[in-house]
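S.K.: Supplied in structure tokens, the structure appears directly below.
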Amino acid sequence: MADPRSLYQEVILDHNRKPRNFGALAQASHKAEGHNPLCGDHISVAFNLEGERIASIAFQGESCAICKASASMMTASVKGKTRQDAETLIQEFRDMATGQIDVDRQAHHLGRLTVFAGVSDLPTRVKCAILPWHTLHAAFHSVADTSTESENDPMHAPIGDA
Amino acid sequence: MSASQTTLRSRPGSAIDAERIRADFPILKLRPGGKPLVYLDNAASSQMPQQVIDRLVRYQRTQHANIHRAVHTLSEIATAEYEEARRKLARFINAREEREVIFTSGTTEAINLAMHGYGRKFIGVGDEIILTTLEHHSNIVPWQMLAEEKGARIRVVPINDAGELLIDDYEKLFDEHTKLVGVAHVSNALGTVNPVKRMIAFARARGVPVLVDGAQAAPHMQVDVQDLDCDFYAFSGHKLCGPTGIGILYGKAALLERMQPFKGGGDMILSVTFEKTTYNVIPQKFEAGTPPIAAAIGLGAAVDYLSGIGMDAIAAHERDLLDYATEQVKRMPGVRIIGTAAEKAAVLSFALAGVHPHDVGTLLNQDGVAVRTGHHCAQPVMQRFKVPATSRASFAFYNTMAEVDALVAGIRNVQKVFS
């Protein structure tokens with residue numbers, strides 16, 4: 001059993017073992033690849049936007065548990081949501097992971113995603129948690145390829161400027 | 001605790017009393033997160049004993065001035081101490097002359113010095129540089145830069161599944177275009193000890209100089225550059241209980257004299273006019289600007305400290321640690337040791353089935369166990385073993401069998417969390 005203070009809480013381990021929405025979509029209106037050259041994490045995110053709503057979404061790739069669980073929970077959270085709502089979550093997740101908002105005190109829409117709040121204490125793992133969100137953002141903006149080391153790195157630049 | 005562990009811990013005639021030595025290292029008393037620090041990332045950087053810390057403080061408090069400059073007393077003292085450090089380093093690797101030791105900022109700068117000073121002068125279009133699959137990026141990238149600039153070519157010695165160089169293939173790479181060999185004495189990612197003496201003999205018989213990257217060897221074994229007969233030998237201070245920002249390039253005097261300077265500036269000249277500059281003699285020719293004087297003196301104290309324990313005793317103790325760790329980890333289901341060479345230094349790289357090395361590293365850290373996870377700046381090695389990264393425990397003479405037990409318990413915990 002993981003230490004309750006640990007990042008490796010049961011919900012994260014569960015999503016790592018049984019990732020939701022894992023696989024490829026036959027057709028996608030938006031997709032992007034994300035990779036972190038520092039550790040070799042690599043994921044792709046694809047989705048179909050119907051009107052303003054994410055009708056279907058899937059991800060695949062090879063990564064650490066934090067990255068995979070983050071991708072799994074991300075797809076589960078944004079499925080059925082509007083682009084606007086998804087963009088809000090991207091921003092809030094990034095702010096949480098980089099310690100810019102305190103999820104216990106400030107208003108947010110992250111729900112169960114707050115399980116990743118602990119990553120802000122682990123600077124080397126922040127990028128693992130953010131990579132799927134970075135990739136989702138890139139897909140919205142039709143950037144085919146993204147990297148945590150690119151100039152659009154959310155660690156270095158506000159996501160809205162990507 | 002099993003009987004075999006007890007036996008190993010109290011092995012009679014053990015080369016080193018690790019518990020007594022640990023008292024010299026203040027940082028080893030830390031308890032990160034309330035757990036004793038188990039520092040197993042020595043291949044990345046080792047810790048500093050109080051003796052070296054004290055030497056740095058004494059220099060800074062009582063001896064500091066710029067060197068090779070003024071006639072005042074402090075400058076003379078600082079110069080003498082800096083040059084004494086060079087003598088210590090020369091003795092440490094058994095260099096024939098102390099002027100064969102050039103202070104650099106570390107191994108990376110040492111290799112870049114050889115590339116700019118030797119490579120840019122003597123390597124040209126169509127020439128070939130032999131490197132190995134086991135090289136750290138710092139012994140790959142400078143030569144690639146040179147090859148691109150000059151139109152030269154890099155040839156690579158392959159390795160087998162144990163992580164050992166294929167020496168027949170190495171010998172077949174030589175032809176009339178071969179101008180330099182660059183080889184790691186010890187692989188940072190796998191721990192393989194390469195047969196550099198034999199490789200150097202082969203190259204020298206063909207008139208090809210050899211640069212040995214000794215970053216992972218100098219802290220762990222007796223290095224004798226005259227016995228090896230290498231042309232260059234590079235290593236870093238911070239991996240052998242010294243400060244960061246200091247290292248050396250050893251080079252044979254005749255070779256260093258033929259080389260062009262790397263950096264221009266003060267101290268590396270005899271005279272300067274706007275028409276012509278006359279370069280200083282070696283080693284000053286390669287030490288432009290004010291060097292890290294304190295760090296060099298600290299490194300001198302570090303090699304004194306290591307020599308006081310004895311490099312052979314250090315090597316023997318680390319061999320015991322590695323054998324014990326390998327024996328324990330080998331028996332664990334779901335763990336694959338990457339790098340199983342017959343000759344290894346104290347590095348244990350491993351992969352856990354179904355667990356990414358970064359998760360291993362974070363979970364071990366929660367148990368106070370510090371290991372390195374990642375590609376270890378040796379991506380060609382990772383590609384060879386088809387892994388994106390590994391977890392690497394690397395031992396120093398101040399590590400103990402009990403710390404190996406902590407590592408093994410930590411790995412078991414990772415497997416439990418991910419079961």
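Chains: A, B, ... in order of the structure tokens. Residues: from 1 per chain. Ligands: from 1, in order shown.
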Find the residues of chain B in contact range of chain A, meaning any atom within 10 Å when counting only C-alpha atoms, and list them as a PyMOL selection string.
M.R.: chain B and resi 354-360+362-363+366+373-377+387-390+413-414+416-419
S.K.: If you keep N, CA and C atoms, can you produce a file of those selected residues as a tab-separated table (two decimals), in the first residue's frame?
M.R.:
```tsv
chain	number	residue	atom	x	y	z
B	354	GLY	N	7.56	-3.56	-16.12
B	354	GLY	CA	6.30	-2.84	-15.97
B	354	GLY	C	6.38	-1.57	-15.16
B	355	VAL	N	7.57	-1.15	-14.76
B	355	VAL	CA	7.69	0.09	-13.99
B	355	VAL	C	8.72	0.98	-14.66
B	356	HIS	N	8.31	2.21	-14.93
B	356	HIS	CA	9.22	3.16	-15.56
B	356	HIS	C	10.29	3.60	-14.54
B	357	PRO	N	11.53	3.76	-15.00
B	357	PRO	CA	12.61	4.14	-14.06
B	357	PRO	C	12.32	5.41	-13.26
B	358	HIS	N	11.57	6.33	-13.83
B	358	HIS	CA	11.29	7.55	-13.06
B	358	HIS	C	10.40	7.27	-11.86
B	359	ASP	N	9.50	6.31	-12.03
B	359	ASP	CA	8.67	5.92	-10.89
B	359	ASP	C	9.52	5.19	-9.85
B	360	VAL	N	10.46	4.37	-10.34
B	360	VAL	CA	11.38	3.68	-9.42
B	360	VAL	C	12.15	4.71	-8.60
B	362	THR	N	11.50	7.91	-7.94
B	362	THR	CA	10.70	8.69	-7.00
B	362	THR	C	10.33	7.86	-5.78
B	363	LEU	N	9.97	6.60	-6.00
B	363	LEU	CA	9.59	5.75	-4.86
B	363	LEU	C	10.79	5.40	-3.98
B	366	GLN	N	11.53	8.18	-1.71
B	366	GLN	CA	10.66	8.25	-0.53
B	366	GLN	C	11.18	7.37	0.59
B	373	THR	N	18.00	7.99	-12.28
B	373	THR	CA	17.16	7.35	-13.28
B	373	THR	C	17.21	8.19	-14.54
B	374	GLY	N	17.20	7.55	-15.68
B	374	GLY	CA	17.24	8.28	-16.94
B	374	GLY	C	18.16	7.58	-17.91
B	375	HIS	N	18.61	8.34	-18.91
B	375	HIS	CA	19.46	7.72	-19.94
B	375	HIS	C	20.94	7.90	-19.62
B	376	HIS	N	21.26	8.57	-18.50
B	376	HIS	CA	22.63	8.70	-18.02
B	376	HIS	C	23.56	9.36	-19.04
B	377	CYS	N	22.99	10.24	-19.87
B	377	CYS	CA	23.80	10.89	-20.92
B	377	CYS	C	24.53	9.86	-21.76
B	387	VAL	N	15.97	0.11	-24.13
B	387	VAL	CA	15.25	0.66	-22.98
B	387	VAL	C	15.32	2.19	-23.10
B	388	PRO	N	14.26	2.91	-22.68
B	388	PRO	CA	14.34	4.37	-22.76
B	388	PRO	C	15.25	4.93	-21.68
B	389	ALA	N	15.39	4.18	-20.62
B	389	ALA	CA	16.12	4.68	-19.45
B	389	ALA	C	16.35	3.50	-18.51
B	390	THR	N	17.23	3.66	-17.55
B	390	THR	CA	17.39	2.65	-16.51
B	390	THR	C	17.42	3.36	-15.15
B	413	ASN	N	9.69	-2.75	-2.40
B	413	ASN	CA	8.55	-1.86	-2.13
B	413	ASN	C	7.97	-1.31	-3.44
B	414	VAL	N	8.84	-0.93	-4.37
B	414	VAL	CA	8.37	-0.44	-5.67
B	414	VAL	C	7.52	-1.51	-6.34
B	416	LYS	N	5.90	-3.86	-4.95
B	416	LYS	CA	4.65	-4.03	-4.22
B	416	LYS	C	3.65	-2.94	-4.60
B	417	VAL	N	4.12	-1.70	-4.66
B	417	VAL	CA	3.24	-0.59	-5.03
B	417	VAL	C	2.65	-0.81	-6.41
B	418	PHE	N	3.45	-1.35	-7.31
B	418	PHE	CA	3.00	-1.52	-8.70
B	418	PHE	C	2.39	-2.89	-8.97
B	419	SER	N	2.26	-3.72	-7.93
B	419	SER	CA	1.73	-5.07	-8.18
B	419	SER	C	0.25	-5.03	-8.47
```
S.K.: Give me, as a VMD selection string, all polymer residues having an atom no more than 12 Å from Arg58 (chain B), counting only C-alpha atoms and skipping those fewer than 6 positions away in the same chain.
M.R.: chain B and resid 50 to 52 64 78 81 294 297 to 298 301
S.K.: Only N, CA and C atoms, please: the residues just picked out, written as an mmCIF file, in the first residue's frame.
M.R.:
```cif
data_model
loop_
_atom_site.group_PDB
_atom_site.id
_atom_site.type_symbol
_atom_site.label_atom_id
_atom_site.label_comp_id
_atom_site.auth_asym_id
_atom_site.auth_seq_id
_atom_site.Cartn_x
_atom_site.Cartn_y
_atom_site.Cartn_z
ATOM 1 N N GLN B 50 34.941 15.945 5.328
ATOM 2 C CA GLN B 50 35.252 17.155 6.104
ATOM 3 C C GLN B 50 36.672 17.663 5.808
ATOM 4 N N GLN B 51 37.598 16.738 5.570
ATOM 5 C CA GLN B 51 38.989 17.126 5.290
ATOM 6 C C GLN B 51 39.073 18.045 4.076
ATOM 7 N N VAL B 52 38.282 17.760 3.046
ATOM 8 C CA VAL B 52 38.311 18.592 1.833
ATOM 9 C C VAL B 52 37.569 19.907 2.095
ATOM 10 N N HIS B 64 43.945 33.020 0.070
ATOM 11 C CA HIS B 64 43.434 33.381 -1.249
ATOM 12 C C HIS B 64 44.006 34.671 -1.824
ATOM 13 N N ALA B 78 49.158 31.429 -2.691
ATOM 14 C CA ALA B 78 48.095 30.833 -3.507
ATOM 15 C C ALA B 78 48.691 30.105 -4.705
ATOM 16 N N GLU B 81 50.271 26.842 -3.559
ATOM 17 C CA GLU B 81 49.264 25.827 -3.216
ATOM 18 C C GLU B 81 48.604 25.263 -4.461
ATOM 19 N N ALA B 294 40.592 27.673 -5.655
ATOM 20 C CA ALA B 294 40.131 26.951 -4.463
ATOM 21 C C ALA B 294 39.740 25.524 -4.832
ATOM 22 N N ILE B 297 42.785 23.340 -5.384
ATOM 23 C CA ILE B 297 43.411 22.990 -4.103
ATOM 24 C C ILE B 297 42.549 21.970 -3.362
ATOM 25 N N GLY B 298 41.236 22.148 -3.450
ATOM 26 C CA GLY B 298 40.310 21.178 -2.850
ATOM 27 C C GLY B 298 40.461 19.804 -3.495
ATOM 28 N N ALA B 301 43.399 18.118 -2.106
ATOM 29 C CA ALA B 301 43.093 17.532 -0.797
ATOM 30 C C ALA B 301 42.283 16.248 -0.957
#
```
S.K.: Mind checking DSSP for region 13-94 of chain A and telling me the strand (DSSP E or B) residues as an mmCIF file with N, CA and C atoms, in the first residue's frame?
M.R.:
```cif
data_model
loop_
_atom_site.group_PDB
_atom_site.id
_atom_site.type_symbol
_atom_site.label_atom_id
_atom_site.label_comp_id
_atom_site.auth_asym_id
_atom_site.auth_seq_id
_atom_site.Cartn_x
_atom_site.Cartn_y
_atom_site.Cartn_z
ATOM 1 N N PHE A 22 -7.478 4.285 -23.640
ATOM 2 C CA PHE A 22 -6.144 3.979 -24.157
ATOM 3 C C PHE A 22 -6.300 3.291 -25.511
ATOM 4 N N HIS A 30 -8.643 16.107 -34.414
ATOM 5 C CA HIS A 30 -7.455 16.748 -33.864
ATOM 6 C C HIS A 30 -6.532 15.692 -33.280
ATOM 7 N N LYS A 31 -5.226 15.860 -33.469
ATOM 8 C CA LYS A 31 -4.288 14.958 -32.787
ATOM 9 C C LYS A 31 -2.928 15.624 -32.657
ATOM 10 N N ALA A 32 -2.176 15.116 -31.706
ATOM 11 C CA ALA A 32 -0.815 15.635 -31.505
ATOM 12 C C ALA A 32 0.013 14.588 -30.776
ATOM 13 N N GLU A 33 1.301 14.709 -30.950
ATOM 14 C CA GLU A 33 2.263 13.834 -30.268
ATOM 15 C C GLU A 33 3.003 14.670 -29.228
ATOM 16 N N GLY A 34 3.216 14.084 -28.086
ATOM 17 C CA GLY A 34 4.003 14.786 -27.071
ATOM 18 C C GLY A 34 5.154 13.918 -26.607
ATOM 19 N N HIS A 35 6.294 14.508 -26.435
ATOM 20 C CA HIS A 35 7.393 13.714 -25.877
ATOM 21 C C HIS A 35 8.257 14.556 -24.954
ATOM 22 N N ASN A 36 8.846 13.855 -24.012
ATOM 23 C CA ASN A 36 9.766 14.493 -23.074
ATOM 24 C C ASN A 36 11.134 13.869 -23.296
ATOM 25 N N ASP A 41 9.580 9.793 -22.158
ATOM 26 C CA ASP A 41 8.121 9.676 -22.167
ATOM 27 C C ASP A 41 7.602 10.138 -23.518
ATOM 28 N N HIS A 42 6.617 9.391 -24.011
ATOM 29 C CA HIS A 42 6.093 9.697 -25.333
ATOM 30 C C HIS A 42 4.621 9.320 -25.356
ATOM 31 N N ILE A 43 3.731 10.273 -25.664
ATOM 32 C CA ILE A 43 2.320 9.918 -25.803
ATOM 33 C C ILE A 43 1.704 10.659 -26.986
ATOM 34 N N SER A 44 0.616 10.085 -27.505
ATOM 35 C CA SER A 44 -0.141 10.785 -28.537
ATOM 36 C C SER A 44 -1.585 10.901 -28.060
ATOM 37 N N VAL A 45 -2.196 12.018 -28.389
ATOM 38 C CA VAL A 45 -3.584 12.278 -28.004
ATOM 39 C C VAL A 45 -4.365 12.590 -29.277
ATOM 40 N N ALA A 46 -5.517 11.947 -29.422
ATOM 41 C CA ALA A 46 -6.366 12.211 -30.593
ATOM 42 C C ALA A 46 -7.809 12.366 -30.110
ATOM 43 N N PHE A 47 -8.542 13.267 -30.731
ATOM 44 C CA PHE A 47 -9.952 13.400 -30.366
ATOM 45 C C PHE A 47 -10.783 13.920 -31.531
ATOM 46 N N ASN A 48 -12.089 13.787 -31.387
ATOM 47 C CA ASN A 48 -13.028 14.306 -32.381
ATOM 48 C C ASN A 48 -13.860 15.396 -31.742
ATOM 49 N N LEU A 49 -13.800 16.557 -32.342
ATOM 50 C CA LEU A 49 -14.585 17.684 -31.871
ATOM 51 C C LEU A 49 -15.859 17.726 -32.707
ATOM 52 N N GLU A 50 -16.997 17.602 -32.028
ATOM 53 C CA GLU A 50 -18.278 17.738 -32.740
ATOM 54 C C GLU A 50 -18.896 19.018 -32.263
ATOM 55 N N ARG A 53 -17.857 20.380 -28.768
ATOM 56 C CA ARG A 53 -17.754 19.358 -27.732
ATOM 57 C C ARG A 53 -16.821 18.216 -28.146
ATOM 58 N N ILE A 54 -16.036 17.712 -27.190
ATOM 59 C CA ILE A 54 -15.156 16.564 -27.446
ATOM 60 C C ILE A 54 -16.004 15.303 -27.381
ATOM 61 N N ALA A 55 -16.281 14.719 -28.568
ATOM 62 C CA ALA A 55 -17.173 13.568 -28.618
ATOM 63 C C ALA A 55 -16.438 12.284 -28.258
ATOM 64 N N SER A 56 -15.200 12.167 -28.716
ATOM 65 C CA SER A 56 -14.416 10.973 -28.409
ATOM 66 C C SER A 56 -12.965 11.382 -28.271
ATOM 67 N N ILE A 57 -12.246 10.620 -27.451
ATOM 68 C CA ILE A 57 -10.837 10.956 -27.222
ATOM 69 C C ILE A 57 -10.078 9.690 -26.844
ATOM 70 N N ALA A 58 -8.838 9.609 -27.282
ATOM 71 C CA ALA A 58 -8.002 8.458 -26.929
ATOM 72 C C ALA A 58 -6.544 8.895 -26.860
ATOM 73 N N PHE A 59 -5.777 8.106 -26.108
ATOM 74 C CA PHE A 59 -4.333 8.378 -26.063
ATOM 75 C C PHE A 59 -3.591 7.064 -26.097
ATOM 76 N N GLN A 60 -2.352 7.107 -26.517
ATOM 77 C CA GLN A 60 -1.471 5.948 -26.399
ATOM 78 C C GLN A 60 -0.033 6.422 -26.281
ATOM 79 N N GLY A 61 0.822 5.488 -25.925
ATOM 80 C CA GLY A 61 2.227 5.846 -25.811
ATOM 81 C C GLY A 61 2.917 5.084 -24.702
ATOM 82 N N GLU A 62 4.148 5.434 -24.473
ATOM 83 C CA GLU A 62 4.956 4.795 -23.436
ATOM 84 C C GLU A 62 5.446 5.859 -22.478
ATOM 85 N N THR A 82 -16.835 20.866 -23.420
ATOM 86 C CA THR A 82 -16.604 21.802 -24.526
ATOM 87 C C THR A 82 -15.129 22.155 -24.576
#
```
S.K.: Measure the distance from CA of Ala342 (chain B) to CA of Ser187 (chain B) in Å and round it to one decimal.
M.R.: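 Separating CA of Ala342 (chain B) from CA of Ser187 (chain B) is a distance of 13.1 Å.
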S.K.: Measuring between only C-alpha atoms, which one of A:Ala28, A:Ala117, A:Met73, A:Val11 shows the shortest distance to Glu92 (chain A)?
M.R.: A:Ala117
S.K.: Under the rule that only C-alpha atoms are counted, which of B:Gln284, B:Thr278, B:Thr104, B:Thr133 is the nearest residue to Asp169 (chain B)?
M.R.: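 Of B:Gln284, B:Thr278, B:Thr104, B:Thr133, the one nearest Asp169 (chain B), counting only C-alpha atoms, is B:Thr133.
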S.K.: Please, which residues of region 4-89 of chain A, numbered as in this document, come out helix (DSSP H, G or I) from DSSP, as a list of chain:residue names?
M.R.: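 So the helix (DSSP H, G or I) residues in region 4-89 of chain A would be A:Glu10, A:Val11, A:Ile12, A:Leu13, A:Asp14, A:His15, A:Asn16, A:Arg17, A:Ala65, A:Ile66, A:Cys67, A:Lys68, A:Ala69, A:Ser70, A:Ala71, A:Ser72, A:Met73, A:Met74, A:Thr75, A:Ala76, A:Ser77, A:Val78, A:Arg83, A:Gln84, A:Asp85, A:Ala86, A:Glu87, A:Thr88, A:Leu89.
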S.K.: Those same residues - C-alpha atoms - I'd like them written as an mmCIF file, in the first residue's frame.
M.R.:
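Saved to result_16.cif:
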```
data_model
loop_
_atom_site.group_PDB
_atom_site.id
_atom_site.type_symbol
_atom_site.label_atom_id
_atom_site.label_comp_id
_atom_site.auth_asym_id
_atom_site.auth_seq_id
_atom_site.Cartn_x
_atom_site.Cartn_y
_atom_site.Cartn_z
ATOM 1 C CA GLU A 10 -4.356 4.176 -5.381
ATOM 2 C CA VAL A 11 -6.289 6.224 -7.943
ATOM 3 C CA ILE A 12 -3.076 6.999 -9.864
ATOM 4 C CA LEU A 13 -1.866 3.403 -9.668
ATOM 5 C CA ASP A 14 -5.272 2.226 -10.860
ATOM 6 C CA HIS A 15 -5.257 4.519 -13.887
ATOM 7 C CA ASN A 16 -1.696 3.376 -14.646
ATOM 8 C CA ARG A 17 -2.738 -0.295 -14.497
ATOM 9 C CA ALA A 65 3.014 5.900 -14.273
ATOM 10 C CA ILE A 66 2.505 9.576 -13.458
ATOM 11 C CA CYS A 67 2.290 10.519 -17.115
ATOM 12 C CA LYS A 68 0.050 7.604 -18.053
ATOM 13 C CA ALA A 69 -2.332 8.127 -15.142
ATOM 14 C CA SER A 70 -2.453 11.834 -15.901
ATOM 15 C CA ALA A 71 -3.328 11.085 -19.540
ATOM 16 C CA SER A 72 -5.942 8.535 -18.526
ATOM 17 C CA MET A 73 -7.639 10.862 -16.039
ATOM 18 C CA MET A 74 -7.369 13.751 -18.481
ATOM 19 C CA THR A 75 -9.219 11.900 -21.235
ATOM 20 C CA ALA A 76 -11.872 10.817 -18.745
ATOM 21 C CA SER A 77 -12.328 14.398 -17.535
ATOM 22 C CA VAL A 78 -12.508 16.188 -20.867
ATOM 23 C CA ARG A 83 -13.367 23.118 -25.879
ATOM 24 C CA GLN A 84 -13.697 26.086 -23.530
ATOM 25 C CA ASP A 85 -14.062 23.830 -20.483
ATOM 26 C CA ALA A 86 -11.147 21.663 -21.576
ATOM 27 C CA GLU A 87 -8.923 24.707 -22.052
ATOM 28 C CA THR A 88 -9.852 25.860 -18.551
ATOM 29 C CA LEU A 89 -8.838 22.455 -17.163
#
```
S.K.: Do you have the CA of Tyr118 (chain B)-CA of Pro291 (chain B) distance handy?
M.R.: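 Straight-line distance from CA of Tyr118 (chain B) to CA of Pro291 (chain B) works out to 21.3 Å.
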S.K.: Would you pick out the contacts of Ala201 (chain B) at 9 Å or less, using only C-alpha atoms, so that residues sharing its chain but fewer than 3 positions from it are not included, and give the list as an MDAnalysis selection string?
M.R.: chainID B and resid 196:198 204:206 228:230
S.K.: Got a sec: who's within 8 Å of His137 (chain A), counting only C-alpha atoms, leaving out chain neighbours fewer than 2 positions off, as number ranges by chain?
M.R.: A: 87, 90, 133-135, 139-141, 159
S.K.: Keeping only C-alpha atoms, take the residues you just selected and write them out as an mmCIF file, in the first residue's frame.
M.R.:
```cif
data_model
loop_
_atom_site.group_PDB
_atom_site.id
_atom_site.type_symbol
_atom_site.label_atom_id
_atom_site.label_comp_id
_atom_site.auth_asym_id
_atom_site.auth_seq_id
_atom_site.Cartn_x
_atom_site.Cartn_y
_atom_site.Cartn_z
ATOM 1 C CA GLU A 87 -8.923 24.707 -22.052
ATOM 2 C CA ILE A 90 -5.540 22.549 -19.055
ATOM 3 C CA TRP A 133 -2.190 18.219 -21.052
ATOM 4 C CA HIS A 134 0.495 19.902 -23.065
ATOM 5 C CA THR A 135 -0.233 17.460 -25.872
ATOM 6 C CA ALA A 139 -3.891 19.082 -30.552
ATOM 7 C CA PHE A 140 -6.430 21.884 -30.108
ATOM 8 C CA HIS A 141 -4.024 24.240 -31.786
ATOM 9 C CA ILE A 159 0.004 27.884 -22.349
#
```
S.K.: Can you work out which one of B:Tyr305, B:Phe385, B:Tyr233, B:Tyr82 has the shortest atom-to-atom distance to Ile159 (chain B), counting only C-alpha atoms?
M.R.: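 The shortest atom-to-atom distance to Ile159 (chain B) comes from B:Phe385.
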S.K.: For Phe174 (chain B), work out the shell of residues within 9 Å, counting only C-alpha atoms and skipping chain neighbours fewer than 5 positions away, then give it as a PyMOL selection string.
M.R.: chain B and resi 128+130+203+206
S.K.: Go through B:Pro219, B:Pro243, B:Leu407, B:Ser391 and flag the residue nearest Phe92 (chain B), using only C-alpha atoms for the distances.
M.R.: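 Residue with the minimum atom-to-atom distance to Phe92 (chain B): B:Pro219.
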